[in-house]
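What follows is the content of coords.txt, which has compact mmCIF, C-alpha atoms:
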# COMPACT_ATOMS: atom_id res chain seq x y z
CA MET A 1 22.38 -8.34 15.79
CA GLU A 2 18.62 -8.25 16.30
CA ARG A 3 19.13 -7.68 20.03
CA ALA A 4 21.56 -4.87 19.26
CA LEU A 5 19.02 -3.17 16.98
CA ARG A 6 16.33 -3.47 19.65
CA GLY A 7 18.63 -1.87 22.19
CA ALA A 8 19.91 0.94 19.96
CA PRO A 9 18.49 4.47 20.23
CA PRO A 10 15.89 4.97 17.46
CA HIS A 11 18.05 7.50 15.59
CA ARG A 12 21.17 5.31 15.87
CA LEU A 13 19.98 2.09 14.24
CA LEU A 14 22.40 2.41 11.35
CA ASP A 15 25.36 3.15 13.63
CA SER A 16 24.57 0.06 15.69
CA LEU A 17 24.22 -2.03 12.57
CA ARG A 18 27.55 -0.83 11.20
CA VAL A 19 29.37 -1.93 14.34
CA ASP A 20 27.87 -5.41 14.24
CA LEU A 21 28.39 -5.82 10.49
CA ALA A 22 32.03 -4.83 10.82
CA ARG A 23 32.56 -7.36 13.59
CA ARG A 24 30.69 -10.23 11.97
CA PHE A 25 31.31 -9.76 8.24
CA ALA A 26 34.33 -7.40 8.23
CA VAL A 27 32.07 -4.89 6.46
CA LEU A 28 33.89 -1.71 5.48
CA SER A 29 30.81 0.52 5.16
CA ALA A 30 27.04 0.32 5.32
CA ASP A 31 24.49 2.87 4.08
CA LEU A 32 20.71 2.87 4.10
CA LEU A 33 18.71 4.33 1.21
CA LEU A 34 15.01 4.96 1.90
CA LEU A 35 12.31 5.23 -0.76
CA ASP A 36 10.82 8.71 -0.91
CA TYR A 37 7.10 9.43 -0.59
CA GLY A 38 6.68 9.85 -4.35
CA LEU A 39 8.45 6.56 -5.23
CA THR A 40 10.93 8.43 -7.39
CA SER A 41 14.23 8.28 -5.48
CA LEU A 42 16.22 6.35 -2.88
CA ARG A 43 17.59 8.78 -0.30
CA PRO A 44 20.45 8.16 2.15
CA VAL A 45 19.84 8.24 5.90
CA GLU A 46 22.18 10.81 7.40
CA PRO A 47 21.98 12.62 10.74
CA VAL A 48 21.57 16.37 10.32
CA GLN A 49 25.06 17.07 11.64
CA ALA A 50 26.78 14.47 9.44
CA PRO A 51 28.76 15.49 6.34
CA ALA A 52 27.25 14.61 3.00
CA GLY A 53 27.92 10.99 2.11
CA MET A 54 26.15 8.75 -0.39
CA ARG A 55 23.93 10.65 -2.83
CA HIS A 56 20.32 9.84 -3.58
CA VAL A 57 19.59 7.38 -6.39
CA THR A 58 16.79 7.59 -8.95
CA VAL A 59 14.37 4.67 -8.66
CA GLY A 60 14.86 2.19 -11.49
CA SER A 61 18.52 3.01 -12.06
CA GLY A 62 21.73 1.30 -11.01
CA PRO A 63 22.23 -1.72 -8.78
CA ALA A 64 20.27 -0.18 -5.89
CA GLY A 65 17.28 0.32 -8.17
CA ARG A 66 17.66 -3.24 -9.42
CA ALA A 67 17.60 -4.64 -5.88
CA LEU A 68 14.51 -2.57 -5.08
CA SER A 69 12.55 -3.55 -8.20
CA THR A 70 13.42 -7.27 -8.15
CA GLN A 71 13.34 -7.58 -4.35
CA GLN A 72 16.42 -9.76 -4.61
CA PRO A 73 19.90 -9.15 -3.13
CA TYR A 74 22.39 -8.03 -5.74
CA LEU A 75 26.16 -8.48 -5.41
CA PHE A 76 28.13 -6.00 -7.51
CA GLY A 77 31.86 -6.13 -8.22
CA GLY A 78 34.24 -8.56 -6.55
CA ASP A 79 36.99 -8.42 -9.17
CA GLY A 80 38.91 -5.99 -6.99
CA PRO A 81 39.54 -5.96 -3.25
CA THR A 82 35.91 -5.17 -2.37
CA ALA A 83 32.39 -6.05 -3.40
CA THR A 84 29.12 -4.23 -2.76
CA ALA A 85 25.90 -5.95 -1.73
CA TYR A 86 22.58 -4.21 -2.42
CA LEU A 87 19.91 -5.64 -0.16
CA PRO A 88 16.17 -4.82 -0.30
CA VAL A 89 14.64 -3.53 2.95
CA THR A 90 11.00 -4.60 2.95
CA VAL A 91 8.39 -5.03 5.70
CA ARG A 92 5.40 -7.30 4.98
CA GLY A 93 5.46 -6.45 1.31
CA GLU A 94 6.04 -2.70 1.67
CA ARG A 95 9.25 -1.61 -0.01
CA CYS A 96 11.15 0.69 2.34
CA GLY A 97 14.55 1.00 0.68
CA VAL A 98 17.91 -0.65 0.11
CA LEU A 99 20.81 -1.45 2.46
CA VAL A 100 24.17 -0.95 0.69
CA VAL A 101 27.06 -2.90 2.22
CA VAL A 102 30.73 -2.86 1.12
CA LEU A 103 32.80 -5.87 2.22
CA PRO A 104 36.04 -7.64 1.22
CA SER A 105 35.70 -9.63 -1.99
CA ASP A 106 36.89 -12.86 -0.42
CA LEU A 107 34.03 -12.69 2.10
CA ALA A 108 31.34 -11.85 -0.47
CA THR A 109 30.03 -15.40 -0.77
CA PRO A 110 26.46 -16.47 -1.63
CA GLY A 111 26.03 -17.59 1.98
CA ALA A 112 27.14 -14.21 3.32
CA THR A 113 24.86 -12.41 0.87
CA GLU A 114 21.92 -14.51 2.05
CA GLU A 115 22.71 -13.70 5.68
CA LEU A 116 23.00 -10.01 4.86
CA ALA A 117 19.60 -10.15 3.16
CA ASP A 118 18.16 -11.46 6.43
CA VAL A 119 19.87 -8.58 8.23
CA ALA A 120 18.21 -6.09 5.87
CA GLU A 121 14.79 -7.64 6.59
CA THR A 122 15.43 -7.39 10.33
CA LEU A 123 16.47 -3.76 9.89
CA GLY A 124 13.16 -3.05 8.13
CA HIS A 125 11.15 -4.24 11.11
CA ALA A 126 13.38 -2.26 13.48
CA LEU A 127 12.79 0.85 11.36
CA ARG A 128 9.03 0.46 11.73
CA VAL A 129 9.36 0.59 15.51
CA ALA A 130 11.97 3.36 15.56
CA ASP A 131 9.87 5.51 13.22
CA ARG A 132 7.49 6.17 16.09
CA HIS A 133 10.21 7.81 18.18
CA THR A 134 12.29 9.89 15.76
CA ASP A 135 11.73 12.07 12.69
CA LEU A 136 15.01 11.00 11.10
CA TYR A 137 13.58 8.41 8.72
CA ARG A 138 10.48 10.39 7.72
CA ARG A 139 12.67 13.41 7.09
CA THR A 140 14.93 11.28 4.88
CA ARG A 141 11.98 10.15 2.77
CA ARG A 142 11.15 13.72 1.65
CA ALA A 143 12.35 14.80 -1.74
CA SER A 144 10.41 18.02 -1.14
CA ALA A 145 8.25 19.52 1.60
CA LEU A 146 4.96 17.90 2.56
CA SER A 147 1.85 20.02 2.86
CA VAL A 148 0.10 20.00 6.25
CA PRO A 149 -2.84 17.91 4.90
CA ALA A 150 -0.36 15.44 3.39
CA GLU A 151 1.47 15.23 6.73
CA MET A 152 -1.86 14.40 8.37
CA GLN A 153 -2.61 11.76 5.76
CA TRP A 154 0.78 10.04 5.91
CA GLY A 155 0.56 9.95 9.71
CA LEU A 156 -2.87 8.31 9.56
CA LEU A 157 -2.72 5.71 6.78
CA PRO A 158 -1.25 2.27 7.52
CA GLY A 159 1.18 2.37 4.60
CA ARG A 160 1.18 1.42 0.94
CA ALA A 161 1.38 -2.36 1.00
CA CYS A 162 0.53 -5.54 2.86
CA THR A 163 1.18 -9.12 1.77
CA ASP A 164 0.35 -12.55 3.11
CA ALA A 165 -0.04 -16.07 1.77
CA GLU A 166 -3.45 -15.44 0.22
CA PHE A 167 -2.98 -11.93 -1.17
CA ASP A 168 -0.72 -9.08 -2.26
CA LEU A 169 -2.05 -5.57 -1.66
CA HIS A 170 -0.33 -2.43 -2.96
CA ALA A 171 -1.49 1.18 -3.27
CA TYR A 172 -0.26 4.39 -4.85
CA TRP A 173 -1.68 7.90 -4.74
CA GLU A 174 -0.99 11.29 -6.21
CA PRO A 175 -0.04 13.93 -5.42
CA SER A 176 2.18 12.25 -2.85
CA TYR A 177 3.46 15.47 -1.25
CA THR A 178 0.37 17.69 -1.23
CA SER A 179 -2.66 15.38 -1.08
CA GLY A 180 -4.64 15.06 2.13
CA GLY A 181 -7.97 13.58 1.14
CA HIS A 182 -7.25 9.88 0.60
CA VAL A 183 -8.63 7.25 2.96
CA LEU A 184 -7.16 3.75 2.97
CA ASP A 185 -7.02 1.10 5.66
CA TRP A 186 -6.77 -2.65 6.14
CA ASN A 187 -6.81 -5.20 8.92
CA VAL A 188 -5.55 -8.79 8.79
CA THR A 189 -6.64 -11.63 11.07
CA GLU A 190 -6.37 -15.40 10.81
CA GLU A 191 -9.80 -15.56 9.18
CA GLU A 192 -10.17 -12.39 7.14
CA LEU A 193 -8.74 -9.36 5.40
CA THR A 194 -10.80 -6.19 5.81
CA LEU A 195 -10.22 -3.28 3.49
CA VAL A 196 -11.43 0.33 3.27
CA VAL A 197 -10.94 2.56 0.21
CA ALA A 198 -12.52 6.02 -0.12
CA ASN A 199 -12.58 8.77 -2.71
CA GLY A 200 -10.40 11.72 -1.89
CA THR A 201 -12.33 14.97 -1.42
CA GLY A 202 -9.50 17.36 -2.21
CA PRO A 203 -5.99 18.25 -1.03
CA ASP A 204 -7.03 20.80 1.59
CA THR A 205 -7.07 20.63 5.38
CA PRO A 206 -10.88 20.20 5.68
CA SER A 207 -10.64 17.11 3.47
CA ALA A 208 -7.86 15.71 5.63
CA LEU A 209 -9.98 16.31 8.72
CA VAL A 210 -12.95 14.50 7.13
CA GLY A 211 -10.71 11.57 6.23
CA SER A 212 -9.21 11.48 9.71
CA LEU A 213 -12.62 11.46 11.40
CA ALA A 214 -13.98 8.80 9.05
CA LEU A 215 -10.99 6.48 9.36
CA ASN A 216 -10.86 6.73 13.14
CA ALA A 217 -14.61 6.03 13.31
CA ILE A 218 -14.20 2.95 11.09
CA ARG A 219 -11.31 1.67 13.19
CA ASN A 220 -13.22 2.32 16.39
CA ALA A 221 -16.20 0.32 15.14
CA ARG A 222 -14.04 -2.50 13.80
CA ARG A 223 -12.04 -2.81 17.01
CA ALA A 224 -15.29 -2.89 18.97
CA GLY A 225 -16.25 -5.99 16.98
CA LEU A 226 -18.88 -4.44 14.68
CA ASP A 227 -19.40 -5.93 11.23
CA LEU A 228 -19.11 -3.94 7.98
CA VAL A 229 -22.65 -2.60 8.24
CA GLY A 230 -22.00 -1.48 11.79
CA GLN A 231 -18.74 0.17 10.75
CA ALA A 232 -20.46 2.07 7.95
CA SER A 233 -23.32 3.14 10.21
CA LEU A 234 -21.12 4.40 13.03
CA THR A 235 -18.92 6.32 10.56
CA ASP A 236 -21.99 7.77 8.87
CA GLN A 237 -23.26 9.01 12.24
CA ALA A 238 -19.87 10.48 13.19
CA LEU A 239 -19.57 12.43 9.94
CA TYR A 240 -23.16 13.63 9.95
CA GLY A 241 -22.93 14.63 13.60
CA GLN A 242 -19.90 16.79 12.84
CA HIS A 243 -20.81 18.24 9.43
CA ARG A 244 -24.62 17.87 9.22
CA GLY A 245 -24.44 16.61 5.63
CA GLU A 246 -22.21 19.39 4.31
CA ARG A 247 -19.28 16.99 4.06
CA SER A 248 -19.62 13.32 3.11
CA LEU A 249 -17.30 10.54 2.03
CA SER A 250 -17.76 7.96 -0.76
CA ALA A 251 -16.27 4.73 0.55
CA LEU A 252 -16.03 1.02 -0.08
CA LEU A 253 -15.75 -1.41 2.86
CA LEU A 254 -14.86 -5.04 2.16
CA SER A 255 -14.18 -8.18 4.18
CA PHE A 256 -12.42 -11.12 2.46
CA ALA A 257 -12.62 -14.63 3.93
CA ARG A 258 -9.04 -15.81 3.54
CA ALA A 259 -9.94 -19.51 3.33
CA THR A 260 -12.67 -19.24 0.67
CA GLY A 261 -12.40 -15.90 -1.14
CA GLU A 262 -15.96 -14.99 -0.13
CA VAL A 263 -16.33 -11.23 0.17
CA GLN A 264 -18.79 -9.04 2.06
CA VAL A 265 -19.11 -5.52 0.63
CA VAL A 266 -20.71 -2.29 1.77
CA ASP A 267 -20.72 0.21 -1.11
CA ALA A 268 -21.30 3.73 0.24
CA GLY A 269 -21.15 5.68 -3.02
CA SER A 270 -17.83 4.03 -3.61
CA PRO A 271 -14.74 4.23 -5.77
CA THR A 272 -14.94 1.94 -8.79
CA VAL A 273 -13.59 -1.61 -8.49
CA TRP A 274 -12.40 -3.63 -11.45
CA ARG A 275 -11.62 -7.32 -11.80
CA ALA A 276 -9.04 -8.81 -14.14
CA ARG A 277 -9.69 -12.53 -14.46
CA GLY A 278 -7.79 -14.38 -17.15
CA GLU A 279 -8.15 -12.36 -20.34
CA ALA A 280 -11.28 -10.52 -19.19
CA THR A 281 -11.29 -7.11 -17.47
CA GLU A 282 -14.59 -5.76 -16.18
CA ARG A 283 -15.97 -3.27 -13.71
CA ILE A 284 -17.83 -4.97 -10.85
CA ASP A 285 -21.30 -3.48 -10.61
CA LEU A 286 -22.29 -2.95 -6.99
CA GLU A 287 -25.49 -1.57 -5.51
CA ARG A 288 -24.30 1.92 -4.72
CA GLN A 289 -25.67 3.31 -1.46
CA LEU A 290 -25.49 6.81 0.03
CA PRO A 291 -22.07 8.25 0.89
CA LEU A 292 -21.10 8.25 4.54
CA GLY A 293 -22.32 11.32 6.41
CA MET A 294 -24.72 12.62 3.74
CA PHE A 295 -27.94 12.06 5.70
CA GLU A 296 -28.84 11.20 9.25
CA ASP A 297 -29.41 7.55 10.19
CA THR A 298 -28.75 6.06 6.75
CA VAL A 299 -29.36 2.30 6.67
CA TYR A 300 -26.66 0.26 4.90
CA ALA A 301 -26.73 -3.30 3.61
CA ALA A 302 -23.95 -5.72 2.70
CA GLN A 303 -23.57 -7.44 -0.66
CA ARG A 304 -21.60 -10.55 -1.50
CA LEU A 305 -19.16 -11.62 -4.16
CA ARG A 306 -16.29 -14.06 -4.49
CA VAL A 307 -12.73 -13.77 -5.72
CA LEU A 308 -10.85 -16.68 -7.28
CA PRO A 309 -7.15 -17.51 -7.17
CA GLY A 310 -5.47 -15.48 -9.90
CA ASP A 311 -7.97 -12.60 -9.75
CA ARG A 312 -6.68 -9.04 -9.64
CA LEU A 313 -8.93 -6.37 -8.17
CA VAL A 314 -8.11 -2.75 -8.99
CA PHE A 315 -9.75 0.06 -7.01
CA VAL A 316 -9.75 3.56 -8.51
CA ALA A 317 -10.65 6.39 -6.12
CA CYS A 318 -10.88 9.95 -7.41
CA ASP A 319 -13.38 12.71 -6.77
CA ARG A 320 -15.19 13.23 -10.09
CA GLY A 321 -18.55 13.88 -8.50
CA GLU A 322 -21.51 11.51 -8.47
CA PRO A 323 -21.13 8.99 -11.35
CA PRO A 324 -24.17 8.34 -13.54
CA PRO A 325 -26.06 5.02 -13.22
CA GLY A 326 -24.05 2.25 -14.84
CA GLY A 327 -20.75 4.05 -14.44
CA ASP A 328 -18.84 6.90 -16.02
CA PRO A 329 -17.96 5.96 -19.64
CA ALA A 330 -15.49 8.84 -19.93
CA LEU A 331 -13.44 7.28 -17.13
CA ASP A 332 -14.37 3.61 -17.50
CA ARG A 333 -12.85 3.20 -20.94
CA PRO A 334 -9.38 4.53 -20.06
CA VAL A 335 -9.44 2.65 -16.73
CA ARG A 336 -10.15 -0.61 -18.55
CA ARG A 337 -7.34 0.05 -21.02
CA ALA A 338 -4.93 0.98 -18.22
CA ILE A 339 -5.66 -2.22 -16.30
CA GLU A 340 -5.36 -4.36 -19.43
CA ARG A 341 -2.04 -2.75 -20.33
CA THR A 342 -0.64 -3.40 -16.85
CA ARG A 343 -2.09 -6.90 -16.35
CA ASP A 344 1.37 -8.49 -16.46
CA THR A 345 2.93 -5.81 -14.26
CA ALA A 346 3.91 -7.04 -10.80
CA CYS A 347 1.45 -6.06 -8.11
CA PRO A 348 3.84 -3.62 -6.32
CA ASP A 349 4.35 -1.67 -9.56
CA ALA A 350 0.82 -1.94 -10.97
CA PRO A 351 -0.93 0.93 -9.08
CA ARG A 352 1.61 3.53 -10.17
CA ALA A 353 1.58 2.17 -13.72
CA VAL A 354 -2.24 2.44 -13.83
CA VAL A 355 -2.11 6.05 -12.60
CA ARG A 356 0.52 6.96 -15.19
CA THR A 357 -1.53 5.41 -17.99
CA LEU A 358 -4.70 7.15 -16.83
CA ARG A 359 -2.94 10.50 -16.73
CA GLU A 360 -2.15 10.01 -20.42
CA GLU A 361 -5.45 8.58 -21.62
CA ALA A 362 -8.34 9.93 -19.50
CA PRO A 363 -10.30 12.58 -21.45
CA GLY A 364 -9.72 15.95 -19.83
CA GLY A 365 -7.29 14.30 -17.44
CA LEU A 366 -7.87 12.88 -13.98
CA PRO A 367 -8.60 15.00 -10.92
CA ASP A 368 -5.51 16.12 -9.06
CA ASP A 369 -6.20 13.58 -6.30
CA VAL A 370 -6.27 9.92 -7.32
CA LEU A 371 -5.64 6.68 -5.46
CA VAL A 372 -5.24 3.26 -7.07
CA LEU A 373 -5.08 0.05 -5.07
CA CYS A 374 -4.22 -3.33 -6.56
CA LEU A 375 -5.15 -6.59 -4.81
CA ASP A 376 -3.84 -9.87 -6.24
CA TRP A 377 -5.72 -12.81 -4.76
CA HIS A 378 -3.80 -16.10 -4.49
CA GLY A 379 -6.30 -17.96 -2.36
CA ARG A 380 -5.80 -20.89 -0.06
CA ARG A 381 -5.93 -24.51 -1.20
CA PRO A 382 -7.67 -26.65 1.46
CA ALA A 383 -5.34 -29.35 2.78
CA GLY A 384 -6.14 -32.80 1.45
CA ARG A 385 -8.86 -31.61 -0.92
CA HIS A 386 -8.98 -31.11 -4.67
CA ALA A 387 -9.43 -27.57 -5.93
CA VAL A 388 -12.99 -26.68 -6.90
CA ALA A 389 -13.50 -25.86 -10.55
CA ASP A 390 -13.66 -22.14 -11.28
CA GLY A 391 -17.13 -22.40 -12.74
CA ASP A 392 -18.42 -23.91 -9.49
CA ARG A 393 -16.95 -21.09 -7.41
CA GLU A 394 -18.14 -18.09 -9.35
CA ALA A 395 -20.72 -16.74 -6.93
CA LEU A 396 -22.41 -17.40 -3.66
CA PRO A 397 -26.07 -18.40 -3.62
CA GLY A 398 -28.70 -15.82 -2.87
CA PRO A 399 -30.07 -12.70 -4.52
CA SER A 400 -27.27 -10.45 -3.27
CA ALA A 401 -24.42 -12.40 -4.89
CA VAL A 402 -22.35 -10.42 -7.38

Target format structure tokens, applied to this file:
Amino acid sequence: MERALRGAPPHRLLDSLRVDLARRFAVLSADLLLLDYGLTSLRPVEPVQAPAGMRHVTVGSGPAGRALSTQQPYLFGGDGPTATAYLPVTVRGERCGVLVVVLPSDLATPGATEELADVAETLGHALRVADRHTDLYRRTRRASALSVPAEMQWGLLPGRACTDAEFDLHAYWEPSYTSGGHVLDWNVTEEELTLVVANGTGPDTPSALVGSLALNAIRNARRAGLDLVGQASLTDQALYGQHRGERSLSALLLSFARATGEVQVVDAGSPTVWRARGEATERIDLERQLPLGMFEDTVYAAQRLRVLPGDRLVFVACDRGEPPPGGDPALDRPVRRAIERTRDTACPDAPRAVVRTLREEAPGGLPDDVLVLCLDWHGRRPAGRHAVADGDREALPGPSAV
């Protein structure tokens, strides 16, 4: 089945899958529902010339919504001649949609459901590759039209989620269909997770162009082997060279050591970052440096901190202008409350829940553009060694430890 998906034309993945499912599981029908850009609905994949089939489903409702939210296969029915399996389609933590399969009741066994769940996971990876060669799946994900800046942003950013043994990382931004100013990126290697989060500078095309230049400069520096300071410096030069200080970008660059939780940070006038550890929620105070591209030849320095297993970091990026020293109390208080209220919310759902709470509680409301990223750190237990007590792992030595 995996070979068949690899050999199928990009726009015919579902047709190929239906043939194989019918042969192997006697499946009567198979439909694919993809999550829209705004995380509000599951929308059926249908070629333009096909007659209307399955209708879109509101997220959080029905068995398809249940499979998406729990990330577990759900078998519905079976009392009659058929049963329906709802199978989450997820790629490295990013929720893509749900595969809906109808099969004879006598074949709807737990073993078959488990195999079908594996098929849905394989389909997710095939979709990632096919998405480069056809507009079918991106067209399906639109509940409304995207603005040109939003199209630029969605084509540039790596996605909304990434998970591995040591961490879960999930992001959400608004407005999903008209924003173009958000900058978000990550890179995973055996040794480290690097992360970039930047304040949006508005939903217009110039903001999207600034974000595109900055993100490509950061990636160029990172792929050339430069450290965080080098990445910040090269990006600063690229932005200043293009805009001569008229356009800058407030960004946060981080590198997490996967084995130890040690973190290197370059704070270039950054978004705020909050830590929820146990019952305590606090904003991490960093030495804020100049935004990228504001002045020529700015010199940046890295700071250090450490995350512990069980920590949740929440990044809030919105363009409210230069915050006063010590933070912005008008925003800090509702952010703290929003994070505390969503502390028990699963990481994939937490960013959207934080944004919703902030929309209700922030005095005067939030700016139109806002991005929230949630990072749950699980850490890695060294083989054959006892865990180090939390109090002994709080901070690295040296004057720059946070």

Find the residue from A:Leu184, A:Asp36, A:Ala83, A:Leu127 that sits nearest to A:Ala145; use all atoms listed in the file when measuring.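 Going through A:Leu184, A:Asp36, A:Ala83, A:Leu127 one by one, the smallest distance to A:Ala145 is for A:Asp36.
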
Take the point (17.6, 13.9, 14.8) as written in the file and pick out every residue within 12 Å of it, counting all atoms listed in the file; give the list as a PyMOL selection string. chain A and resi 9-12+45-50+130-131+133-140

Could you tell me which of A:Arg23, A:Arg283, A:His182, A:Arg92 comes closest to A:Arg333 if we count only C-alpha atoms?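 For A:Arg333, the nearest of the candidates is A:Arg283.
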
Using all atoms listed in the file, which protein or nucleic acid residues come within 12 Å of A:Leu103? Drop anything in the same chain fewer than 5 positions from it, and give the result as a list in words. Arg18, Leu21, Ala22, Arg23, Arg24, Phe25, Ala26, Val27, Leu28, Ser29, Ala30, Leu75, Phe76, Gly77, Gly78, Gly80, Pro81, Thr82, Ala83, Thr84, Ala85, Tyr86, Ala108, Thr109, Ala112, Thr113 and Leu116 of chain A

Name the residues in contact with A:Leu371 at a cut-off of 7 Å, using all atoms listed in the file, excluding same-chain residues fewer than 2 positions from it; report them as a list of chain:residue names.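 Surrounding residues, per the criterion: A:Tyr172, A:Trp173, A:Glu174, A:Val316, A:Ala317, A:Cys318, A:Asp369, A:Leu373.
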
So what do you get for atom CA of A:Gly245 versus atom CA of A:Val197, distance-wise? 20.2 Å

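Of the residues under consideration (A:Thr90, A:Ser147, A:Gln237, A:Thr70), A:Gln237 shows the shortest atom-to-atom contact distance to A:Val299 when counting all atoms listed in the file.
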